[in-house]
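All remarks here apply to the structure that follows.
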Amino acid sequence: MAKLNIIYFSGTGNTEQMATYIEEGAKSAGVEVEMISVDSADENSVEADFLAFGSPATGSEEVAPEIADFVESVKDKLKGKKIGVFGSYDWGEGDWLSMWIQDLDKEDISVVGEGCMVNLSPDDDEKVEACKEYGKAIVS
Ligand SMILES: Cc1cc2nc3c(=O)[nH]c(=O)nc-3n(C[C@H](O)[C@H](O)[C@H](O)COP(=O)(O)O)c2cc1C
């Protein structure tokens, strides 16, 4: 069975909650999913058919350093894989996510669609659906 590993950092749980819905979407498409908090991730964590990286907007429209450092450490293993990026934000407009996608693109790492972002927690049907659909898109 094909496998998706979701590697994420979440300070207050919103990005983690998104990850659970992305997991649900991918599972509904018949894919095995492993959720990995970035502090327990290592280079073996990227040995999957599909990957998703999750980070909230932090600093000033920045990816959480925990995730940025991890991705940097494994970037040579990411080329050619199908990769999703997602995360929660509050007052911004999602610049952290679009800049993240651009930075990955410069490393020849291409991301599925425009990523997936949710304002604060995925607490309504529309946000939940967006996460599930993105999970499906990563593995389709
Ligand atoms: C130190 C810090 C910096 C933040 N910077 C931004 C930001 O630049 N843009 C934004 O939209 N939200 C920003 N936020 C809001 C978080 O992205 C938002 O609260 C998000 O839901 C947190 O997700 P999490 O629960 O997965 O940690 C910031 C929050 C903190 C604590």
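As shown in the structure tokens, the chain order sets the letters A, B, ...; within each chain, residues go from 1, and ligands are also counted from 1 in the order they appear.
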
Taking a cut-off of 6 Å and counting only C-alpha atoms and all ligand atoms, can you build a table that, for each residue of chain A near ligand 1, reports the nearest atom pair and how far apart they are in Å (one decimal), sorted by chain then residue number, as CSV?
residue,atom,partner,partner_atom_place_in_ligand_line,distance
A:Ser10,CA,ligand 1,26 (O),3.6
A:Gly11,CA,ligand 1,27 (O),3.3
A:Thr12,CA,ligand 1,25 (O),3.4
A:Gly13,CA,ligand 1,25 (O),3.9
A:Asn14,CA,ligand 1,25 (O),3.6
A:Thr15,CA,ligand 1,26 (O),3.6
A:Glu16,CA,ligand 1,26 (O),5.9
A:Pro56,CA,ligand 1,23 (O),4.5
A:Ala57,CA,ligand 1,17 (O),3.9
A:Thr58,CA,ligand 1,5 (N),3.5
A:Gly59,CA,ligand 1,3 (C),4.3
A:Ser60,CA,ligand 1,8 (O),3.7
A:Glu61,CA,ligand 1,8 (O),3.6
A:Ser88,CA,ligand 1,21 (O),4.5
A:Tyr89,CA,ligand 1,17 (O),3.5
A:Asp90,CA,ligand 1,11 (O),3.9
A:Trp91,CA,ligand 1,11 (O),4.1
A:Gly92,CA,ligand 1,11 (O),3.4
A:Leu120,CA,ligand 1,21 (O),3.8

Take the selection from the previous step and output its residues with all heavy atoms, as a compact mmCIF listing (two decimals), in the first residue's frame.
# COMPACT_ATOMS: atom_id res chain seq x y z
N SER A 10 3.60 22.11 15.46
CA SER A 10 2.41 22.87 15.83
C SER A 10 2.56 23.37 17.24
O SER A 10 2.74 22.57 18.17
CB SER A 10 1.18 21.96 15.71
OG SER A 10 0.00 22.68 15.94
N GLY A 11 2.55 24.69 17.42
CA GLY A 11 2.74 25.26 18.76
C GLY A 11 1.51 25.07 19.63
O GLY A 11 1.60 24.62 20.78
N THR A 12 0.34 25.41 19.10
CA THR A 12 -0.88 25.38 19.92
C THR A 12 -1.92 24.39 19.39
O THR A 12 -3.07 24.42 19.82
CB THR A 12 -1.49 26.79 20.04
OG1 THR A 12 -1.81 27.29 18.72
CG2 THR A 12 -0.54 27.77 20.70
N GLY A 13 -1.53 23.55 18.43
CA GLY A 13 -2.41 22.45 18.04
C GLY A 13 -3.21 22.66 16.76
O GLY A 13 -3.82 21.71 16.27
N ASN A 14 -3.23 23.89 16.22
CA ASN A 14 -4.06 24.12 15.03
C ASN A 14 -3.53 23.38 13.80
O ASN A 14 -4.29 22.74 13.07
CB ASN A 14 -4.19 25.62 14.74
CG ASN A 14 -4.94 26.34 15.83
OD1 ASN A 14 -5.75 25.73 16.54
ND2 ASN A 14 -4.70 27.63 15.99
N THR A 15 -2.23 23.49 13.57
CA THR A 15 -1.62 22.79 12.42
C THR A 15 -1.73 21.28 12.62
O THR A 15 -1.98 20.54 11.66
CB THR A 15 -0.16 23.24 12.25
OG1 THR A 15 -0.14 24.67 12.06
CG2 THR A 15 0.51 22.57 11.07
N GLU A 16 -1.60 20.84 13.86
CA GLU A 16 -1.74 19.40 14.15
C GLU A 16 -3.16 18.92 13.82
O GLU A 16 -3.35 17.85 13.25
CB GLU A 16 -1.43 19.13 15.61
CG GLU A 16 -1.46 17.65 15.95
CD GLU A 16 -0.96 17.37 17.36
OE1 GLU A 16 -1.29 18.14 18.28
OE2 GLU A 16 -0.23 16.38 17.51
N PRO A 56 2.88 26.27 11.15
CA PRO A 56 2.10 27.51 11.24
C PRO A 56 2.93 28.68 10.73
O PRO A 56 4.16 28.58 10.64
CB PRO A 56 1.84 27.65 12.74
CG PRO A 56 2.98 26.93 13.39
CD PRO A 56 3.34 25.80 12.46
N ALA A 57 2.27 29.79 10.41
CA ALA A 57 2.99 31.04 10.17
C ALA A 57 3.59 31.48 11.50
O ALA A 57 2.89 31.52 12.51
CB ALA A 57 2.02 32.12 9.66
N THR A 58 4.88 31.78 11.51
CA THR A 58 5.48 32.24 12.75
C THR A 58 6.53 33.29 12.44
O THR A 58 6.70 33.68 11.28
CB THR A 58 6.05 31.04 13.56
OG1 THR A 58 6.41 31.51 14.86
CG2 THR A 58 7.22 30.39 12.88
N GLY A 59 7.18 33.79 13.50
CA GLY A 59 8.12 34.90 13.30
C GLY A 59 7.37 36.01 12.61
O GLY A 59 6.29 36.40 13.02
N SER A 60 7.89 36.49 11.51
CA SER A 60 7.17 37.44 10.68
C SER A 60 6.99 36.79 9.32
O SER A 60 7.88 36.86 8.48
CB SER A 60 7.96 38.75 10.63
OG SER A 60 7.41 39.57 9.67
N GLU A 61 5.88 36.07 9.16
CA GLU A 61 5.60 35.31 7.94
C GLU A 61 6.73 34.32 7.64
O GLU A 61 7.24 34.26 6.53
CB GLU A 61 5.35 36.24 6.75
CG GLU A 61 4.12 37.11 6.91
CD GLU A 61 2.82 36.33 7.10
OE1 GLU A 61 2.70 35.23 6.56
OE2 GLU A 61 1.94 36.82 7.83
N SER A 88 -1.45 26.54 9.68
CA SER A 88 -2.41 27.51 10.21
C SER A 88 -1.75 28.88 10.34
O SER A 88 -0.54 28.98 10.52
CB SER A 88 -2.88 27.01 11.58
OG SER A 88 -3.65 27.99 12.21
N TYR A 89 -2.58 29.92 10.24
CA TYR A 89 -2.08 31.29 10.39
C TYR A 89 -3.16 32.09 11.10
O TYR A 89 -4.27 31.60 11.35
CB TYR A 89 -1.76 31.90 9.02
CG TYR A 89 -2.99 32.12 8.17
CD1 TYR A 89 -3.52 33.40 8.03
CD2 TYR A 89 -3.64 31.05 7.56
CE1 TYR A 89 -4.68 33.61 7.27
CE2 TYR A 89 -4.78 31.26 6.81
CZ TYR A 89 -5.30 32.53 6.68
OH TYR A 89 -6.44 32.72 5.95
N ASP A 90 -2.83 33.36 11.39
CA ASP A 90 -3.82 34.20 12.08
C ASP A 90 -4.07 35.49 11.31
O ASP A 90 -5.00 35.59 10.51
CB ASP A 90 -3.35 34.46 13.52
CG ASP A 90 -4.42 35.19 14.33
OD1 ASP A 90 -5.47 35.56 13.76
OD2 ASP A 90 -4.21 35.39 15.54
N TRP A 91 -3.19 36.48 11.52
CA TRP A 91 -3.50 37.82 11.01
C TRP A 91 -2.94 38.11 9.62
O TRP A 91 -3.28 39.12 9.02
CB TRP A 91 -2.95 38.88 11.98
CG TRP A 91 -1.49 38.71 12.27
CD1 TRP A 91 -0.45 39.15 11.52
CD2 TRP A 91 -0.91 38.02 13.40
NE1 TRP A 91 0.75 38.78 12.08
CE2 TRP A 91 0.48 38.09 13.25
CE3 TRP A 91 -1.44 37.36 14.52
CZ2 TRP A 91 1.35 37.52 14.18
CZ3 TRP A 91 -0.56 36.80 15.45
CH2 TRP A 91 0.82 36.87 15.26
N GLY A 92 -2.11 37.23 9.09
CA GLY A 92 -1.47 37.50 7.80
C GLY A 92 -2.35 37.08 6.63
O GLY A 92 -3.56 36.83 6.80
N LEU A 120 -6.44 30.06 11.85
CA LEU A 120 -6.56 29.48 13.20
C LEU A 120 -6.94 28.00 13.13
O LEU A 120 -6.32 27.27 12.38
CB LEU A 120 -7.49 30.33 14.06
CG LEU A 120 -6.90 31.76 14.28
CD1 LEU A 120 -7.93 32.67 14.93
CD2 LEU A 120 -5.61 31.71 15.07

If we count only C-alpha atoms, what is near Ser28 in chain A at a cut-off of 12 Å, once residues fewer than 3 positions away on the same chain are taken out, given as number ranges by chain?
-> A: 21-25, 31-33, 132-137, 139-140

Grab the residues selected above and save them as a PDB file, in the first residue's frame with N, CA and C atoms.
ATOM      1  N   TYR A  21      -6.965  15.975   9.602  1.00  0.00           N
ATOM      2  CA  TYR A  21      -7.936  15.962   8.498  1.00  0.00           C
ATOM      3  C   TYR A  21      -7.267  15.620   7.164  1.00  0.00           C
ATOM      4  N   ILE A  22      -6.031  16.064   6.991  1.00  0.00           N
ATOM      5  CA  ILE A  22      -5.274  15.683   5.792  1.00  0.00           C
ATOM      6  C   ILE A  22      -5.092  14.156   5.797  1.00  0.00           C
ATOM      7  N   GLU A  23      -4.789  13.639   6.984  1.00  0.00           N
ATOM      8  CA  GLU A  23      -4.667  12.182   7.149  1.00  0.00           C
ATOM      9  C   GLU A  23      -5.975  11.485   6.738  1.00  0.00           C
ATOM     10  N   GLU A  24      -7.088  12.024   7.226  1.00  0.00           N
ATOM     11  CA  GLU A  24      -8.389  11.424   6.911  1.00  0.00           C
ATOM     12  C   GLU A  24      -8.633  11.402   5.400  1.00  0.00           C
ATOM     13  N   GLY A  25      -8.328  12.536   4.735  1.00  0.00           N
ATOM     14  CA  GLY A  25      -8.522  12.625   3.287  1.00  0.00           C
ATOM     15  C   GLY A  25      -7.680  11.607   2.549  1.00  0.00           C
ATOM     16  N   VAL A  31      -4.738   5.266   1.096  1.00  0.00           N
ATOM     17  CA  VAL A  31      -3.298   5.344   1.342  1.00  0.00           C
ATOM     18  C   VAL A  31      -3.038   5.215   2.852  1.00  0.00           C
ATOM     19  N   GLU A  32      -1.954   4.512   3.181  1.00  0.00           N
ATOM     20  CA  GLU A  32      -1.559   4.406   4.594  1.00  0.00           C
ATOM     21  C   GLU A  32      -0.931   5.734   5.021  1.00  0.00           C
ATOM     22  N   VAL A  33      -1.176   6.179   6.239  1.00  0.00           N
ATOM     23  CA  VAL A  33      -0.649   7.487   6.670  1.00  0.00           C
ATOM     24  C   VAL A  33       0.061   7.353   8.012  1.00  0.00           C
ATOM     25  N   LYS A 132      -9.148  17.895   4.021  1.00  0.00           N
ATOM     26  CA  LYS A 132      -9.366  16.534   3.498  1.00  0.00           C
ATOM     27  C   LYS A 132      -9.080  16.473   2.000  1.00  0.00           C
ATOM     28  N   GLU A 133      -9.549  17.493   1.276  1.00  0.00           N
ATOM     29  CA  GLU A 133      -9.324  17.529  -0.174  1.00  0.00           C
ATOM     30  C   GLU A 133      -7.833  17.615  -0.481  1.00  0.00           C
ATOM     31  N   TYR A 134      -7.109  18.397   0.326  1.00  0.00           N
ATOM     32  CA  TYR A 134      -5.667  18.516   0.082  1.00  0.00           C
ATOM     33  C   TYR A 134      -4.979  17.164   0.339  1.00  0.00           C
ATOM     34  N   GLY A 135      -5.425  16.463   1.377  1.00  0.00           N
ATOM     35  CA  GLY A 135      -4.884  15.129   1.649  1.00  0.00           C
ATOM     36  C   GLY A 135      -5.074  14.213   0.448  1.00  0.00           C
ATOM     37  N   LYS A 136      -6.266  14.288  -0.142  1.00  0.00           N
ATOM     38  CA  LYS A 136      -6.546  13.460  -1.324  1.00  0.00           C
ATOM     39  C   LYS A 136      -5.657  13.875  -2.491  1.00  0.00           C
ATOM     40  N   ALA A 137      -5.497  15.204  -2.673  1.00  0.00           N
ATOM     41  CA  ALA A 137      -4.715  15.707  -3.804  1.00  0.00           C
ATOM     42  C   ALA A 137      -3.251  15.264  -3.715  1.00  0.00           C
ATOM     43  N   VAL A 139      -2.060  12.571  -2.578  1.00  0.00           N
ATOM     44  CA  VAL A 139      -1.860  11.149  -2.877  1.00  0.00           C
ATOM     45  C   VAL A 139      -2.493  10.706  -4.199  1.00  0.00           C
ATOM     46  N   SER A 140      -3.069  11.661  -4.935  1.00  0.00           N
ATOM     47  CA  SER A 140      -3.766  11.234  -6.160  1.00  0.00           C
ATOM     48  C   SER A 140      -2.838  11.242  -7.368  1.00  0.00           C
TER      49      SER A 140
END

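Considering the residues A:Met18, A:Met117, A:Ile138, A:Val85 and counting only C-alpha atoms, Ala68 in chain A has its shortest atom-to-atom contact with A:Val85.
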
Write out as a VMD selection string which residues come within 12 Å of Glu72 in chain A when counting only C-alpha atoms, dropping same-chain ones fewer than 5 positions away.
-> chain A and resid 43 63 65 to 67 77 to 78 100 103 to 104 107 109

Write the residues of the selection above to a file with N, CA, C and O atoms, as a PDB file, in the first residue's frame.
ATOM      1  N   GLU A  43      15.859  11.082   9.252  1.00  0.00           N
ATOM      2  CA  GLU A  43      15.927  10.967   7.783  1.00  0.00           C
ATOM      3  C   GLU A  43      15.076   9.827   7.237  1.00  0.00           C
ATOM      4  O   GLU A  43      14.609   9.877   6.107  1.00  0.00           O
ATOM      5  N   VAL A  63       8.301  30.172   8.194  1.00  0.00           N
ATOM      6  CA  VAL A  63       8.061  28.772   8.525  1.00  0.00           C
ATOM      7  C   VAL A  63       8.721  28.520   9.880  1.00  0.00           C
ATOM      8  O   VAL A  63       9.794  29.068  10.165  1.00  0.00           O
ATOM      9  N   PRO A  65      11.114  27.313  12.566  1.00  0.00           N
ATOM     10  CA  PRO A  65      12.491  26.848  12.366  1.00  0.00           C
ATOM     11  C   PRO A  65      12.641  25.339  12.516  1.00  0.00           C
ATOM     12  O   PRO A  65      13.470  24.735  11.842  1.00  0.00           O
ATOM     13  N   GLU A  66      11.807  24.738  13.376  1.00  0.00           N
ATOM     14  CA  GLU A  66      11.874  23.277  13.580  1.00  0.00           C
ATOM     15  C   GLU A  66      11.657  22.545  12.246  1.00  0.00           C
ATOM     16  O   GLU A  66      12.355  21.585  11.923  1.00  0.00           O
ATOM     17  N   ILE A  67      10.655  23.025  11.474  1.00  0.00           N
ATOM     18  CA  ILE A  67      10.344  22.382  10.196  1.00  0.00           C
ATOM     19  C   ILE A  67      11.341  22.820   9.119  1.00  0.00           C
ATOM     20  O   ILE A  67      11.831  22.005   8.339  1.00  0.00           O
ATOM     21  N   LYS A  77      16.704  14.338  -0.442  1.00  0.00           N
ATOM     22  CA  LYS A  77      15.846  13.145  -0.586  1.00  0.00           C
ATOM     23  C   LYS A  77      14.449  13.496  -1.078  1.00  0.00           C
ATOM     24  O   LYS A  77      13.610  12.618  -1.239  1.00  0.00           O
ATOM     25  N   LEU A  78      14.172  14.782  -1.268  1.00  0.00           N
ATOM     26  CA  LEU A  78      12.803  15.194  -1.579  1.00  0.00           C
ATOM     27  C   LEU A  78      12.532  15.353  -3.070  1.00  0.00           C
ATOM     28  O   LEU A  78      11.381  15.370  -3.492  1.00  0.00           O
ATOM     29  N   TRP A 100       7.339  29.832   1.209  1.00  0.00           N
ATOM     30  CA  TRP A 100       7.860  28.486   1.461  1.00  0.00           C
ATOM     31  C   TRP A 100       7.846  27.679   0.160  1.00  0.00           C
ATOM     32  O   TRP A 100       8.831  27.044  -0.214  1.00  0.00           O
ATOM     33  N   ASP A 103      10.548  28.882  -2.110  1.00  0.00           N
ATOM     34  CA  ASP A 103      11.876  28.432  -1.672  1.00  0.00           C
ATOM     35  C   ASP A 103      12.102  26.967  -2.044  1.00  0.00           C
ATOM     36  O   ASP A 103      13.192  26.589  -2.485  1.00  0.00           O
ATOM     37  N   LEU A 104      11.067  26.144  -1.878  1.00  0.00           N
ATOM     38  CA  LEU A 104      11.196  24.723  -2.239  1.00  0.00           C
ATOM     39  C   LEU A 104      11.393  24.583  -3.740  1.00  0.00           C
ATOM     40  O   LEU A 104      12.206  23.793  -4.209  1.00  0.00           O
ATOM     41  N   GLU A 107      14.766  24.814  -4.966  1.00  0.00           N
ATOM     42  CA  GLU A 107      15.558  23.589  -4.730  1.00  0.00           C
ATOM     43  C   GLU A 107      15.070  22.445  -5.629  1.00  0.00           C
ATOM     44  O   GLU A 107      15.400  21.286  -5.371  1.00  0.00           O
ATOM     45  N   ILE A 109      12.107  21.287  -5.716  1.00  0.00           N
ATOM     46  CA  ILE A 109      11.134  20.472  -4.984  1.00  0.00           C
ATOM     47  C   ILE A 109       9.769  21.083  -5.265  1.00  0.00           C
ATOM     48  O   ILE A 109       9.520  22.239  -4.919  1.00  0.00           O
TER      49      ILE A 109
END

Give the strand (DSSP E or B) residues of range 6-129 of chain A, as DSSP finds them on the backbone, and put them as a PyMOL selection string.
-> chain A and resi 6-8+32-37+50-54+57-58+62-63+82-89+111+116-119

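Nearest-residue note for Asp49 in chain A: choosing from A:Met1, A:Ala130, A:Cys116, A:Leu97, the minimum distance belongs to A:Met1, counting only C-alpha atoms.
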
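Between Gly94 in chain A and the candidates A:Val118, A:Ile6, A:Val111, A:Ala19, the tightest atom-to-atom separation, counting only C-alpha atoms, involves A:Val118.
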
Just want the 6 Å neighbourhood of Leu4 in chain A, counted on only C-alpha atoms, with same-chain residues fewer than 4 positions away dropped. Output as a PDB file with C-alpha atoms, in the first residue's frame.
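Output contents, as saved in around14.pdb:
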ATOM      1  CA  VAL A  33      -0.649   7.487   6.670  1.00  0.00           C
ATOM      2  CA  ALA A  48       7.466   7.341   1.929  1.00  0.00           C
ATOM      3  CA  PHE A  50       4.159  10.939  -0.480  1.00  0.00           C
ATOM      4  CA  LEU A  51       5.118  13.592   2.075  1.00  0.00           C
TER       5      LEU A  51
END

Can you list, as number ranges by chain, every protein, DNA or RNA residue that comes within 6 Å of Tyr8 in chain A when you count only C-alpha atoms, leaving out same-chain residues fewer than 5 positions away?
-> A: 37-38, 53-54

Once you have the residues from the selection above, write them out as a PDB file, in the first residue's frame, restricted to N, CA and C atoms.
ATOM      1  N   SER A  37       5.460  14.007  14.524  1.00  0.00           N
ATOM      2  CA  SER A  37       5.824  15.331  15.043  1.00  0.00           C
ATOM      3  C   SER A  37       7.298  15.569  14.716  1.00  0.00           C
ATOM      4  N   VAL A  38       7.633  16.791  14.305  1.00  0.00           N
ATOM      5  CA  VAL A  38       8.993  17.004  13.772  1.00  0.00           C
ATOM      6  C   VAL A  38      10.074  16.672  14.799  1.00  0.00           C
ATOM      7  N   PHE A  53       4.408  18.420   4.744  1.00  0.00           N
ATOM      8  CA  PHE A  53       5.072  19.154   5.819  1.00  0.00           C
ATOM      9  C   PHE A  53       4.136  20.234   6.329  1.00  0.00           C
ATOM     10  N   GLY A  54       3.990  20.312   7.647  1.00  0.00           N
ATOM     11  CA  GLY A  54       3.090  21.300   8.227  1.00  0.00           C
ATOM     12  C   GLY A  54       3.816  22.256   9.164  1.00  0.00           C
TER      13      GLY A  54
END

Go ahead and compute the interatomic distance for CA of Ile36 in chain A and CA of Phe9 in chain A, in Å to one decimal.
->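 Result for CA of Ile36 in chain A versus CA of Phe9 in chain A: 9.0 Å, one decimal.
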
For Lys75 in chain A, the nearest of the candidates A:Val46, A:Gln17, A:Ser55, A:Gly87, counting only C-alpha atoms =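 Closest residue, counting only C-alpha atoms: A:Val46.
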
Could you pull out the alpha helix (DSSP H) residues of range 17-138 of chain A from DSSP and send them as an MDAnalysis selection string?
-> chainID A and resid 17:28 65:74 95:106 125:138

So that I have them on file, write out the residues from the current selection with N, CA and C atoms, as a CSV table (one decimal), in the first residue's frame.
chain,number,residue,atom,x,y,z
A,17,GLN,N,-4.1,19.7,14.2
A,17,GLN,CA,-5.5,19.4,13.8
A,17,GLN,C,-5.7,19.3,12.3
A,18,MET,N,-5.1,20.3,11.6
A,18,MET,CA,-5.2,20.2,10.1
A,18,MET,C,-4.6,18.9,9.7
A,19,ALA,N,-3.5,18.5,10.3
A,19,ALA,CA,-2.8,17.2,9.8
A,19,ALA,C,-3.8,16.0,10.0
A,20,THR,N,-4.6,16.0,11.0
A,20,THR,CA,-5.5,14.9,11.2
A,20,THR,C,-6.5,14.8,10.1
A,21,TYR,N,-7.0,16.0,9.6
A,21,TYR,CA,-7.9,16.0,8.5
A,21,TYR,C,-7.3,15.6,7.2
A,22,ILE,N,-6.0,16.1,7.0
A,22,ILE,CA,-5.3,15.7,5.8
A,22,ILE,C,-5.1,14.2,5.8
A,23,GLU,N,-4.8,13.6,7.0
A,23,GLU,CA,-4.7,12.2,7.1
A,23,GLU,C,-6.0,11.5,6.7
A,24,GLU,N,-7.1,12.0,7.2
A,24,GLU,CA,-8.4,11.4,6.9
A,24,GLU,C,-8.6,11.4,5.4
A,25,GLY,N,-8.3,12.5,4.7
A,25,GLY,CA,-8.5,12.6,3.3
A,25,GLY,C,-7.7,11.6,2.5
A,26,ALA,N,-6.4,11.5,2.9
A,26,ALA,CA,-5.5,10.6,2.3
A,26,ALA,C,-5.9,9.1,2.5
A,27,LYS,N,-6.4,8.8,3.7
A,27,LYS,CA,-6.8,7.5,4.0
A,27,LYS,C,-8.1,7.1,3.2
A,28,SER,N,-8.9,8.1,3.0
A,28,SER,CA,-10.1,7.8,2.2
A,28,SER,C,-9.8,7.5,0.8
A,65,PRO,N,11.1,27.3,12.6
A,65,PRO,CA,12.5,26.8,12.4
A,65,PRO,C,12.6,25.3,12.5
A,66,GLU,N,11.8,24.7,13.4
A,66,GLU,CA,11.9,23.3,13.6
A,66,GLU,C,11.7,22.5,12.2
A,67,ILE,N,10.7,23.0,11.5
A,67,ILE,CA,10.3,22.4,10.2
A,67,ILE,C,11.3,22.8,9.1
A,68,ALA,N,11.7,24.1,9.1
A,68,ALA,CA,12.6,24.6,8.1
A,68,ALA,C,13.9,23.9,8.2
A,69,ASP,N,14.4,23.7,9.4
A,69,ASP,CA,15.7,23.0,9.6
A,69,ASP,C,15.6,21.5,9.2
A,70,PHE,N,14.5,20.9,9.6
A,70,PHE,CA,14.3,19.5,9.2
A,70,PHE,C,14.3,19.3,7.7
A,71,VAL,N,13.5,20.2,7.0
A,71,VAL,CA,13.4,20.1,5.5
A,71,VAL,C,14.8,20.3,4.9
A,72,GLU,N,15.5,21.3,5.4
A,72,GLU,CA,16.9,21.6,4.9
A,72,GLU,C,17.7,20.3,5.0
A,73,SER,N,17.6,19.6,6.2
A,73,SER,CA,18.5,18.5,6.4
A,73,SER,C,18.2,17.3,5.5
A,74,VAL,N,17.0,17.3,4.9
A,74,VAL,CA,16.6,16.1,4.1
A,74,VAL,C,16.3,16.5,2.7
A,95,ASP,N,1.5,34.7,3.4
A,95,ASP,CA,2.8,34.9,2.7
A,95,ASP,C,3.8,33.8,3.1
A,96,TRP,N,3.8,33.4,4.4
A,96,TRP,CA,4.7,32.3,4.8
A,96,TRP,C,4.6,31.1,3.9
A,97,LEU,N,3.4,30.8,3.5
A,97,LEU,CA,3.2,29.5,2.8
A,97,LEU,C,3.6,29.7,1.3
A,98,SER,N,3.3,30.9,0.7
A,98,SER,CA,3.7,31.1,-0.7
A,98,SER,C,5.2,31.2,-0.8
A,99,MET,N,5.8,31.9,0.2
A,99,MET,CA,7.3,32.0,0.1
A,99,MET,C,8.0,30.6,0.4
A,100,TRP,N,7.3,29.8,1.2
A,100,TRP,CA,7.9,28.5,1.5
A,100,TRP,C,7.8,27.7,0.2
A,101,ILE,N,6.7,27.7,-0.6
A,101,ILE,CA,6.6,27.0,-1.8
A,101,ILE,C,7.6,27.5,-2.8
A,102,GLN,N,7.8,28.8,-2.9
A,102,GLN,CA,8.8,29.4,-3.8
A,102,GLN,C,10.2,28.9,-3.4
A,103,ASP,N,10.5,28.9,-2.1
A,103,ASP,CA,11.9,28.4,-1.7
A,103,ASP,C,12.1,27.0,-2.0
A,104,LEU,N,11.1,26.1,-1.9
A,104,LEU,CA,11.2,24.7,-2.2
A,104,LEU,C,11.4,24.6,-3.7
A,105,ASP,N,10.6,25.4,-4.5
A,105,ASP,CA,10.7,25.4,-5.9
A,105,ASP,C,12.2,25.7,-6.4
A,106,LYS,N,12.8,26.6,-5.7
A,106,LYS,CA,14.2,26.9,-6.1
A,106,LYS,C,15.2,25.7,-5.9
A,125,ASP,N,-16.9,23.4,8.6
A,125,ASP,CA,-17.0,22.4,7.5
A,125,ASP,C,-16.1,22.7,6.4
A,126,GLU,N,-16.0,24.0,6.0
A,126,GLU,CA,-15.3,24.4,4.9
A,126,GLU,C,-13.8,24.2,5.1
A,127,LYS,N,-13.3,24.5,6.3
A,127,LYS,CA,-11.9,24.3,6.6
A,127,LYS,C,-11.5,22.9,6.6
A,128,VAL,N,-12.4,22.1,7.3
A,128,VAL,CA,-12.2,20.6,7.4
A,128,VAL,C,-12.1,20.0,6.0
A,129,GLU,N,-13.1,20.4,5.1
A,129,GLU,CA,-13.1,19.9,3.7
A,129,GLU,C,-11.8,20.2,3.0
A,130,ALA,N,-11.4,21.5,3.1
A,130,ALA,CA,-10.2,22.0,2.4
A,130,ALA,C,-9.0,21.1,2.8
A,131,CYS,N,-8.9,20.7,4.1
A,131,CYS,CA,-7.8,19.8,4.5
A,131,CYS,C,-7.9,18.4,4.0
A,132,LYS,N,-9.1,17.9,4.0
A,132,LYS,CA,-9.4,16.5,3.5
A,132,LYS,C,-9.1,16.5,2.0
A,133,GLU,N,-9.5,17.5,1.3
A,133,GLU,CA,-9.3,17.5,-0.2
A,133,GLU,C,-7.8,17.6,-0.5
A,134,TYR,N,-7.1,18.4,0.3
A,134,TYR,CA,-5.7,18.5,0.1
A,134,TYR,C,-5.0,17.2,0.3
A,135,GLY,N,-5.4,16.5,1.4
A,135,GLY,CA,-4.9,15.1,1.6
A,135,GLY,C,-5.1,14.2,0.4
A,136,LYS,N,-6.3,14.3,-0.1
A,136,LYS,CA,-6.5,13.5,-1.3
A,136,LYS,C,-5.7,13.9,-2.5
A,137,ALA,N,-5.5,15.2,-2.7
A,137,ALA,CA,-4.7,15.7,-3.8
A,137,ALA,C,-3.3,15.3,-3.7
A,138,ILE,N,-2.7,15.2,-2.5
A,138,ILE,CA,-1.3,14.9,-2.3
A,138,ILE,C,-1.1,13.4,-2.8

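Rounded to one decimal, CA of Ala64 in chain A and CA of Asn119 in chain A lie 16.3 Å from each other.
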
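CA of Ser121 in chain A is found 29.0 Å from CA of Glu47 in chain A.
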